[in-house]
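A.B. asks: Please find run.pdb (PDB, C-alpha atoms and all ligand atoms) on the next line:
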ATOM      1  CA  MET Z   1     -80.067  33.240   6.499
ATOM      2  CA  LEU Z   2     -78.793  35.202   9.494
ATOM      3  CA  GLN Z   3     -75.151  35.824  10.270
ATOM      4  CA  ILE Z   4     -74.298  37.813  13.353
ATOM      5  CA  ARG Z   5     -70.611  38.623  13.584
ATOM      6  CA  GLU Z   6     -68.936  40.001  16.715
ATOM      7  CA  LEU Z   7     -71.897  42.218  17.507
ATOM      8  CA  VAL Z   8     -71.236  44.923  20.088
ATOM      9  CA  ALA Z   9     -74.224  47.047  21.069
ATOM     10  CA  SER Z  10     -75.255  49.412  23.825
ATOM     11  CA  VAL Z  11     -78.397  50.770  25.427
ATOM     12  CA  GLU Z  12     -78.408  54.137  27.183
ATOM     13  CA  GLY Z  13     -74.637  54.302  26.871
ATOM     14  CA  LYS Z  14     -74.209  50.941  28.582
ATOM     15  CA  GLN Z  15     -72.566  48.198  26.546
ATOM     16  CA  ILE Z  16     -74.763  45.096  26.668
ATOM     17  CA  LEU Z  17     -73.749  42.902  23.735
ATOM     18  CA  ASN Z  18     -70.020  42.152  23.849
ATOM     19  CA  GLY Z  19     -69.050  40.507  20.590
ATOM     20  CA  LEU Z  20     -71.939  38.137  19.964
ATOM     21  CA  SER Z  21     -71.713  35.777  17.004
ATOM     22  CA  LEU Z  22     -74.452  33.462  15.753
ATOM     23  CA  ASP Z  23     -75.138  31.697  12.475
ATOM     24  CA  ILE Z  24     -78.632  30.582  11.518
ATOM     25  CA  LYS Z  25     -79.403  28.597   8.408
ATOM     26  CA  PRO Z  26     -82.797  28.316   6.700
ATOM     27  CA  GLY Z  27     -85.174  25.969   8.510
ATOM     28  CA  GLU Z  28     -83.293  25.941  11.813
ATOM     29  CA  VAL Z  29     -84.729  26.579  15.255
ATOM     30  CA  HIS Z  30     -82.259  28.094  17.730
ATOM     31  CA  ALA Z  31     -83.150  28.422  21.402
ATOM     32  CA  ILE Z  32     -81.392  31.090  23.445
ATOM     33  CA  MET Z  33     -81.278  30.735  27.199
ATOM     34  CA  GLY Z  34     -79.281  32.558  29.831
ATOM     35  CA  PRO Z  35     -79.377  34.407  33.128
ATOM     36  CA  ASN Z  36     -81.497  37.503  33.689
ATOM     37  CA  GLY Z  37     -79.957  40.622  32.254
ATOM     38  CA  ALA Z  38     -77.626  38.682  29.945
ATOM     39  CA  GLY Z  39     -78.756  40.642  26.898
ATOM     40  CA  LYS Z  40     -81.290  38.274  25.323
ATOM     41  CA  SER Z  41     -84.011  40.888  24.829
ATOM     42  CA  THR Z  42     -81.376  43.404  23.781
ATOM     43  CA  LEU Z  43     -80.334  41.026  21.001
ATOM     44  CA  GLY Z  44     -83.963  40.836  19.783
ATOM     45  CA  ASN Z  45     -84.320  44.601  19.944
ATOM     46  CA  VAL Z  46     -81.069  45.205  18.078
ATOM     47  CA  LEU Z  47     -82.137  42.730  15.393
ATOM     48  CA  THR Z  48     -85.459  44.497  14.830
ATOM     49  CA  GLY Z  49     -83.821  47.911  14.892
ATOM     50  CA  ARG Z  50     -85.667  49.291  17.874
ATOM     51  CA  GLU Z  51     -84.897  52.891  18.781
ATOM     52  CA  GLY Z  52     -82.352  53.432  21.542
ATOM     53  CA  TYR Z  53     -80.288  50.322  20.756
ATOM     54  CA  GLU Z  54     -76.966  51.392  19.340
ATOM     55  CA  VAL Z  55     -74.696  49.088  17.371
ATOM     56  CA  ILE Z  56     -71.074  49.928  18.076
ATOM     57  CA  SER Z  57     -69.394  47.313  15.914
ATOM     58  CA  GLY Z  58     -69.924  43.987  14.226
ATOM     59  CA  GLU Z  59     -72.286  43.030  11.446
ATOM     60  CA  VAL Z  60     -75.607  41.331  10.844
ATOM     61  CA  LEU Z  61     -76.360  39.829   7.448
ATOM     62  CA  PHE Z  62     -79.944  38.805   6.715
ATOM     63  CA  ASN Z  63     -80.183  36.786   3.509
ATOM     64  CA  GLY Z  64     -76.807  38.213   2.599
ATOM     65  CA  GLU Z  65     -77.971  41.797   3.057
ATOM     66  CA  ASP Z  66     -76.617  44.269   5.615
ATOM     67  CA  MET Z  67     -79.559  44.219   7.983
ATOM     68  CA  LEU Z  68     -78.277  47.018  10.196
ATOM     69  CA  ALA Z  69     -78.677  49.433   7.281
ATOM     70  CA  LEU Z  70     -82.443  48.796   7.153
ATOM     71  CA  ASP Z  71     -85.021  50.586   9.314
ATOM     72  CA  ILE Z  72     -87.654  48.734  11.370
ATOM     73  CA  GLU Z  73     -90.284  48.644   8.611
ATOM     74  CA  GLU Z  74     -87.776  47.533   5.976
ATOM     75  CA  ARG Z  75     -86.658  44.655   8.209
ATOM     76  CA  ALA Z  76     -90.269  43.572   8.711
ATOM     77  CA  ARG Z  77     -90.953  43.715   4.992
ATOM     78  CA  ALA Z  78     -87.809  41.685   4.362
ATOM     79  CA  GLY Z  79     -89.282  38.941   6.545
ATOM     80  CA  LEU Z  80     -88.081  39.513  10.091
ATOM     81  CA  PHE Z  81     -90.690  39.090  12.798
ATOM     82  CA  LEU Z  82     -90.188  39.835  16.472
ATOM     83  CA  ALA Z  83     -92.792  38.711  18.951
ATOM     84  CA  PHE Z  84     -92.286  41.126  21.799
ATOM     85  CA  GLN Z  85     -91.947  40.114  25.377
ATOM     86  CA  TYR Z  86     -94.562  42.744  26.204
ATOM     87  CA  PRO Z  87     -96.724  43.222  23.122
ATOM     88  CA  VAL Z  88     -97.790  46.812  22.553
ATOM     89  CA  GLU Z  89    -101.376  48.024  22.616
ATOM     90  CA  ILE Z  90    -102.438  50.313  19.788
ATOM     91  CA  PRO Z  91    -105.818  51.701  20.835
ATOM     92  CA  GLY Z  92    -107.938  53.075  17.991
ATOM     93  CA  VAL Z  93    -106.347  50.861  15.320
ATOM     94  CA  SER Z  94    -108.193  47.605  14.853
ATOM     95  CA  ASN Z  95    -106.273  44.375  14.811
ATOM     96  CA  MET Z  96    -107.623  43.796  11.311
ATOM     97  CA  GLU Z  97    -106.460  47.160   9.899
ATOM     98  CA  PHE Z  98    -103.052  46.695  11.493
ATOM     99  CA  LEU Z  99    -102.662  43.208  10.051
ATOM    100  CA  LYS Z 100    -103.934  44.149   6.595
ATOM    101  CA  ALA Z 101    -101.373  46.953   6.318
ATOM    102  CA  ALA Z 102     -98.577  44.668   7.504
ATOM    103  CA  VAL Z 103     -99.599  41.814   5.203
ATOM    104  CA  ASP Z 104     -99.910  44.204   2.218
ATOM    105  CA  ALA Z 105     -96.396  45.533   2.838
ATOM    106  CA  ARG Z 106     -94.938  42.059   3.186
ATOM    107  CA  ARG Z 107     -96.672  40.714   0.063
ATOM    108  CA  SER Z 108     -95.611  43.714  -1.951
ATOM    109  CA  HIS Z 109     -91.999  43.060  -0.889
ATOM    110  CA  MET Z 110     -92.349  39.433  -2.008
ATOM    111  CA  LYS Z 111     -93.793  40.692  -5.337
ATOM    112  CA  GLN Z 112     -97.143  39.052  -4.584
ATOM    113  CA  GLU Z 113    -100.505  40.572  -5.440
ATOM    114  CA  GLU Z 114    -102.405  42.485  -2.775
ATOM    115  CA  LEU Z 115    -105.073  40.352  -1.122
ATOM    116  CA  SER Z 116    -108.682  41.434  -1.614
ATOM    117  CA  SER Z 117    -110.503  42.327   1.612
ATOM    118  CA  PHE Z 118    -112.525  39.169   1.176
ATOM    119  CA  ASP Z 119    -109.484  36.878   0.865
ATOM    120  CA  PHE Z 120    -107.704  38.679   3.659
ATOM    121  CA  MET Z 121    -110.663  38.192   6.007
ATOM    122  CA  LYS Z 122    -110.866  34.548   5.068
ATOM    123  CA  LEU Z 123    -107.192  34.029   5.944
ATOM    124  CA  ALA Z 124    -107.534  36.044   9.135
ATOM    125  CA  ARG Z 125    -110.519  33.977  10.275
ATOM    126  CA  GLU Z 126    -108.683  30.738   9.522
ATOM    127  CA  ALA Z 127    -105.635  31.928  11.448
ATOM    128  CA  SER Z 128    -107.707  33.046  14.437
ATOM    129  CA  LYS Z 129    -109.327  29.624  14.505
ATOM    130  CA  LYS Z 130    -105.866  27.989  14.511
ATOM    131  CA  VAL Z 131    -104.789  29.998  17.535
ATOM    132  CA  SER Z 132    -108.168  29.598  19.271
ATOM    133  CA  LEU Z 133    -108.829  33.324  19.316
ATOM    134  CA  ASP Z 134    -112.429  34.386  18.693
ATOM    135  CA  ALA Z 135    -112.722  36.222  15.344
ATOM    136  CA  ALA Z 136    -114.289  39.124  17.282
ATOM    137  CA  PHE Z 137    -110.729  39.988  18.377
ATOM    138  CA  LEU Z 138    -109.940  41.019  14.814
ATOM    139  CA  LYS Z 139    -112.243  44.022  15.207
ATOM    140  CA  ARG Z 140    -110.820  45.169  18.526
ATOM    141  CA  GLY Z 141    -107.994  47.669  18.969
ATOM    142  CA  VAL Z 142    -104.570  45.986  18.667
ATOM    143  CA  ASN Z 143    -104.029  44.170  21.962
ATOM    144  CA  GLU Z 144    -106.415  46.623  23.680
ATOM    145  CA  GLY Z 145    -107.606  44.999  26.872
ATOM    146  CA  PHE Z 146    -106.324  41.589  25.746
ATOM    147  CA  SER Z 147    -105.268  39.224  28.505
ATOM    148  CA  GLY Z 148    -101.668  37.967  28.483
ATOM    149  CA  GLY Z 149    -102.731  34.714  26.840
ATOM    150  CA  GLU Z 150    -104.831  36.537  24.226
ATOM    151  CA  LYS Z 151    -101.899  38.795  23.337
ATOM    152  CA  LYS Z 152     -99.686  35.769  22.790
ATOM    153  CA  ARG Z 153    -102.312  34.078  20.627
ATOM    154  CA  ASN Z 154    -102.635  37.323  18.710
ATOM    155  CA  GLU Z 155     -98.861  37.420  18.197
ATOM    156  CA  ILE Z 156     -98.883  33.932  16.744
ATOM    157  CA  LEU Z 157    -101.814  34.947  14.538
ATOM    158  CA  GLN Z 158     -99.778  37.912  13.264
ATOM    159  CA  MET Z 159     -96.845  35.609  12.650
ATOM    160  CA  MET Z 160     -98.998  33.175  10.659
ATOM    161  CA  MET Z 161    -100.445  35.941   8.512
ATOM    162  CA  LEU Z 162     -97.109  37.609   7.788
ATOM    163  CA  GLU Z 163     -95.216  34.475   6.785
ATOM    164  CA  PRO Z 164     -91.860  35.851   7.993
ATOM    165  CA  SER Z 165     -88.644  34.095   7.070
ATOM    166  CA  LEU Z 166     -87.064  34.657  10.497
ATOM    167  CA  CYS Z 167     -89.177  34.724  13.659
ATOM    168  CA  VAL Z 168     -87.771  35.898  16.979
ATOM    169  CA  LEU Z 169     -89.863  34.857  19.964
ATOM    170  CA  ASP Z 170     -88.753  36.541  23.166
ATOM    171  CA  GLU Z 171     -89.932  34.800  26.322
ATOM    172  CA  THR Z 172     -93.162  33.907  24.638
ATOM    173  CA  ASP Z 173     -93.737  31.401  27.417
ATOM    174  CA  SER Z 174     -93.531  33.728  30.398
ATOM    175  CA  GLY Z 175     -96.825  33.909  32.218
ATOM    176  CA  LEU Z 176     -98.600  31.542  29.868
ATOM    177  CA  ASP Z 177    -100.945  28.814  31.014
ATOM    178  CA  ILE Z 178    -100.421  25.390  29.543
ATOM    179  CA  ASP Z 179    -103.157  25.791  26.887
ATOM    180  CA  ALA Z 180    -101.719  29.059  25.600
ATOM    181  CA  LEU Z 181     -98.234  27.521  25.637
ATOM    182  CA  GLN Z 182     -99.554  24.695  23.492
ATOM    183  CA  VAL Z 183    -101.088  27.211  21.052
ATOM    184  CA  VAL Z 184     -97.740  28.989  20.728
ATOM    185  CA  ALA Z 185     -95.867  25.725  20.233
ATOM    186  CA  ASP Z 186     -98.417  24.362  17.752
ATOM    187  CA  GLY Z 187     -98.285  27.653  15.842
ATOM    188  CA  VAL Z 188     -94.496  27.555  15.634
ATOM    189  CA  ASN Z 189     -94.403  23.877  14.740
ATOM    190  CA  ALA Z 190     -97.040  24.338  12.027
ATOM    191  CA  MET Z 191     -94.914  27.102  10.525
ATOM    192  CA  ARG Z 192     -91.628  25.229  10.619
ATOM    193  CA  ASP Z 193     -90.352  24.433   7.163
ATOM    194  CA  SER Z 194     -87.078  24.189   5.285
ATOM    195  CA  GLU Z 195     -87.028  27.936   4.541
ATOM    196  CA  ARG Z 196     -88.177  29.524   7.780
ATOM    197  CA  SER Z 197     -85.984  29.922  10.852
ATOM    198  CA  PHE Z 198     -86.719  30.717  14.467
ATOM    199  CA  ILE Z 199     -84.901  32.194  17.432
ATOM    200  CA  VAL Z 200     -86.733  31.191  20.593
ATOM    201  CA  VAL Z 201     -85.646  33.018  23.747
ATOM    202  CA  THR Z 202     -86.786  31.237  26.854
ATOM    203  CA  HIS Z 203     -86.049  30.958  30.560
ATOM    204  CA  TYR Z 204     -87.523  27.521  30.856
ATOM    205  CA  GLN Z 205     -86.696  24.173  29.380
ATOM    206  CA  ARG Z 206     -90.437  23.379  29.386
ATOM    207  CA  LEU Z 207     -91.197  25.258  26.155
ATOM    208  CA  LEU Z 208     -88.475  23.238  24.442
ATOM    209  CA  ASP Z 209     -90.405  20.034  25.132
ATOM    210  CA  TYR Z 210     -92.982  21.391  22.695
ATOM    211  CA  ILE Z 211     -90.741  23.277  20.292
ATOM    212  CA  ILE Z 212     -87.757  21.001  19.750
ATOM    213  CA  PRO Z 213     -84.786  23.229  18.891
ATOM    214  CA  ASP Z 214     -81.966  22.252  16.566
ATOM    215  CA  TYR Z 215     -79.520  24.237  18.698
ATOM    216  CA  VAL Z 216     -79.486  25.647  22.209
ATOM    217  CA  HIS Z 217     -77.216  28.556  23.117
ATOM    218  CA  VAL Z 218     -76.387  30.133  26.431
ATOM    219  CA  LEU Z 219     -76.129  33.906  26.300
ATOM    220  CA  ALA Z 220     -74.234  35.416  29.213
ATOM    221  CA  ASN Z 221     -72.586  38.813  29.563
ATOM    222  CA  GLY Z 222     -73.620  39.721  26.051
ATOM    223  CA  ARG Z 223     -72.013  36.772  24.287
ATOM    224  CA  ILE Z 224     -72.843  33.191  23.371
ATOM    225  CA  VAL Z 225     -70.778  31.235  25.898
ATOM    226  CA  LYS Z 226     -71.976  27.725  25.142
ATOM    227  CA  SER Z 227     -73.858  25.956  22.375
ATOM    228  CA  GLY Z 228     -75.328  22.503  22.136
ATOM    229  CA  ASP Z 229     -78.514  20.685  21.283
ATOM    230  CA  LYS Z 230     -81.689  20.164  23.300
ATOM    231  CA  GLU Z 231     -79.802  18.159  25.912
ATOM    232  CA  LEU Z 232     -78.007  21.362  26.897
ATOM    233  CA  ALA Z 233     -81.386  22.862  27.851
ATOM    234  CA  ARG Z 234     -82.044  19.899  30.158
ATOM    235  CA  GLU Z 235     -78.630  20.255  31.690
ATOM    236  CA  LEU Z 236     -79.283  23.953  32.366
ATOM    237  CA  GLU Z 237     -82.648  23.176  33.903
ATOM    238  CA  ALA Z 238     -80.992  20.715  36.238
ATOM    239  CA  LYS Z 239     -77.774  22.593  37.033
ATOM    240  CA  GLY Z 240     -78.579  26.277  36.522
ATOM    241  CA  TYR Z 241     -75.966  28.592  35.036
ATOM    242  CA  GLY Z 242     -73.426  28.546  37.875
ATOM    243  CA  TRP Z 243     -71.355  25.690  36.401
ATOM    244  CA  LEU Z 244     -70.753  27.870  33.356
ATOM    245  CA  GLU Z 245     -69.280  30.587  35.536
ATOM    246  CA  GLY Z 246     -65.818  30.331  34.033
ATOM    247  CA  GLU Z 247     -67.284  30.842  30.602
ATOM    248  CA  VAL Z 248     -69.815  33.373  31.880
ATOM    249  CA  ALA Z 249     -67.098  35.485  33.468
TER     250      ALA Z 249
HETATM  251  P1  LIG A   1     -82.349  39.605  29.293
HETATM  252  O1  LIG A   1     -83.423  39.696  28.260
HETATM  253  O2  LIG A   1     -81.285  38.621  28.958
HETATM  254  O3  LIG A   1     -82.895  39.378  30.660
HETATM  255  P2  LIG A   1     -81.929  42.381  28.649
HETATM  256  O4  LIG A   1     -81.425  42.383  27.256
HETATM  257  O5  LIG A   1     -83.344  42.736  28.855
HETATM  258  O6  LIG A   1     -81.573  40.993  29.339
HETATM  259  O7  LIG A   1     -81.065  43.381  29.516
HETATM  260  C1  LIG A   1     -79.654  43.367  29.528
HETATM  261  C2  LIG A   1     -79.151  44.567  30.300
HETATM  262  O8  LIG A   1     -79.441  45.750  29.575
HETATM  263  C3  LIG A   1     -79.791  44.736  31.645
HETATM  264  O9  LIG A   1     -78.792  45.151  32.548
HETATM  265  C4  LIG A   1     -80.810  45.823  31.412
HETATM  266  O10 LIG A   1     -81.043  46.568  32.577
HETATM  267  C5  LIG A   1     -80.156  46.658  30.342
HETATM  268  N1  LIG A   1     -81.151  47.300  29.474
HETATM  269  C6  LIG A   1     -81.912  46.698  28.550
HETATM  270  N2  LIG A   1     -82.729  47.584  27.944
HETATM  271  C7  LIG A   1     -82.470  48.776  28.506
HETATM  272  C8  LIG A   1     -82.967  50.095  28.328
HETATM  273  N3  LIG A   1     -83.912  50.367  27.415
HETATM  274  N4  LIG A   1     -82.447  51.074  29.088
HETATM  275  C9  LIG A   1     -81.480  50.822  29.992
HETATM  276  N5  LIG A   1     -80.959  49.610  30.222
HETATM  277  C10 LIG A   1     -81.435  48.600  29.495
HETATM  278 MG    MG A   2     -85.272  39.349  31.358
HETATM  279 MG    MG A   3     -85.430  39.469  28.264
END
Can you give me the file's structure in the form of structure tokens?
Ligand code: ADP
Ligand code: MG
Ligand code: MG
C.D. replies:
Amino acid sequence: MLQIRELVASVEGKQILNGLSLDIKPGEVHAIMGPNGAGKSTLGNVLTGREGYEVISGEVLFNGEDMLALDIEERARAGLFLAFQYPVEIPGVSNMEFLKAAVDARRSHMKQEELSSFDFMKLAREASKKVSLDAAFLKRGVNEGFSGGEKKRNEILQMMMLEPSLCVLDETDSGLDIDALQVVADGVNAMRDSERSFIVVTHYQRLLDYIIPDYVHVLANGRIVKSGDKELARELEAKGYGWLEGEVA
């Protein structure tokens, strides 16, 4: 599904990713951990095609297609979803309008019929119930005045509605109370299937008690320096990153 080969990328003229390779098959959940400033968020931003992130060399294939040739909207339509570390507010555009446009674009890409307003609202209400977000939030401006927990619930709601094939969750657990963390984990687990893959970036092993990853990777100095399974996350929680210093350096 996703093949990242020797990816080198920079931000503001500073090289951050230094030859990162990662292979993700359909249905897999990959956790990415690593020290602050290692390049985890940069990886997410490069994958979505965010402005200011320059790819210097390497390649990214998404379902066999050169993903780096697609713009942000094309990547979203093709099924890539990035839950931002700091979700943006879009005052003046209701959550519902925003979602409807995104869902229409995604369905059109999948050659599915456009949902009627009635069916869309029905799905949106069901999804908001699943993430324990009052349906009144659908009428409010995107993330406008939402608390941290409400933004995260809203992100999971967006993810459920869009049915992406690859979801990137960047530090979705930071600043979340245990109930909101459970909502995020339940949302991800409910969406796990043999076709859909996830990249879960997290600082804490705790989230991985709820979302059991197939693989855990350590990203340091812009590269994957170690890979393992969920036991690696426990080891990191106990020992920190220092013991990897040889590999980190
Ligand atoms: P992580 O998510 O692993 O903590 P980041 O990818 O956010 O790390 O950051 C990696 C490095 O890139 C840091 O040194 C950070 O300061 C730098 N960086 C990231 N984004 C920008 C940006 N927009 N402008 C300048 N430097 C950036
Ligand atoms: Mg960080
Ligand atoms: Mg980060």
A.B. asks: Is there a way to get, as a list in words, all residues within 12 Å of the point (-87.9, 21.4, 22.8) in file coordinates, counting all atoms listed in the file?
C.D. replies: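 The distance filter leaves exactly Val29, His30, Ala31, Ile32, Ala185, Val188, Asn189, Val200, Val201, Thr202, Tyr204, Gln205, Arg206, Leu207, Leu208, Asp209, Tyr210, Ile211, Ile212, Pro213, Asp214, Tyr215, Val216, Asp229, Lys230, Glu231, Leu232, Ala233 and Arg234 of chain Z.
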A.B. asks: Apply the PyMOL selection byres (((not hetatm)) within 10 of (chain A and resi 3)) to the file shown and report the selected residues as an NGL selection string.
C.D. replies: :Z and (33-45 or 84-86 or 170-171 or 201-203)
A.B. asks: Using only C-alpha atoms and all ligand atoms, find the one residue out of Z:Met96, Z:Ile199, Z:Leu244, Z:Ile16 that sits nearest to ligand LIG 1 (chain A).
C.D. replies: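 Closest residue, counting only C-alpha atoms and all ligand atoms: Z:Ile16.
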A.B. asks: Rounded to one decimal place, report the atom CA of Ser197 of chain Z-atom CA of Arg106 of chain Z distance in Å.
C.D. replies: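 Separation between atom CA of Ser197 of chain Z and atom CA of Arg106 of chain Z: 16.9 Å.
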A.B. asks: With distances taken over only C-alpha atoms and all ligand atoms, which residue among Z:Leu169, Z:Ala76, Z:Ala180, Z:Ile24 lies nearest ligand LIG 1 (chain A)?
C.D. replies: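 Answer, going by the shortest atom-to-atom distance: Z:Leu169.
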A.B. asks: Quick one: distance from atom CA of Glu89 of chain Z to atom CA of Lys152 of chain Z in Å, one decimal?
C.D. replies: 12.4 Å
A.B. asks: Evaluate the PyMOL selection byres (((chain Z and resi 158) around 12) and not hetatm) here and jot the selected residues down as a ChimeraX atom specification.
C.D. replies: /Z:76,81-84,87,95-103,106,123-125,127-128,130-131,133,138,142-143,151-157,159-164,167,184,187-188
A.B. asks: For ligand LIG 1 (chain A), which residue out of Z:Gly64, Z:Pro26, Z:Gly52, Z:Gly149 is the nearest one, using all atoms listed in the file?
C.D. replies: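 That would be Z:Gly52, the residue with the smallest distance to ligand LIG 1 (chain A).
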A.B. asks: Taking every listed atom of ligand LIG 1 (chain A) and adding 8 Å to each side, what centre and edge lengths in Å (one decimal) does the axis-aligned box have, as lines of an AutoDock Vina configuration file?
C.D. replies:
center_x = -81.4
center_y = 44.8
center_z = 29.9
size_x = 21.1
size_y = 28.5
size_z = 21.3
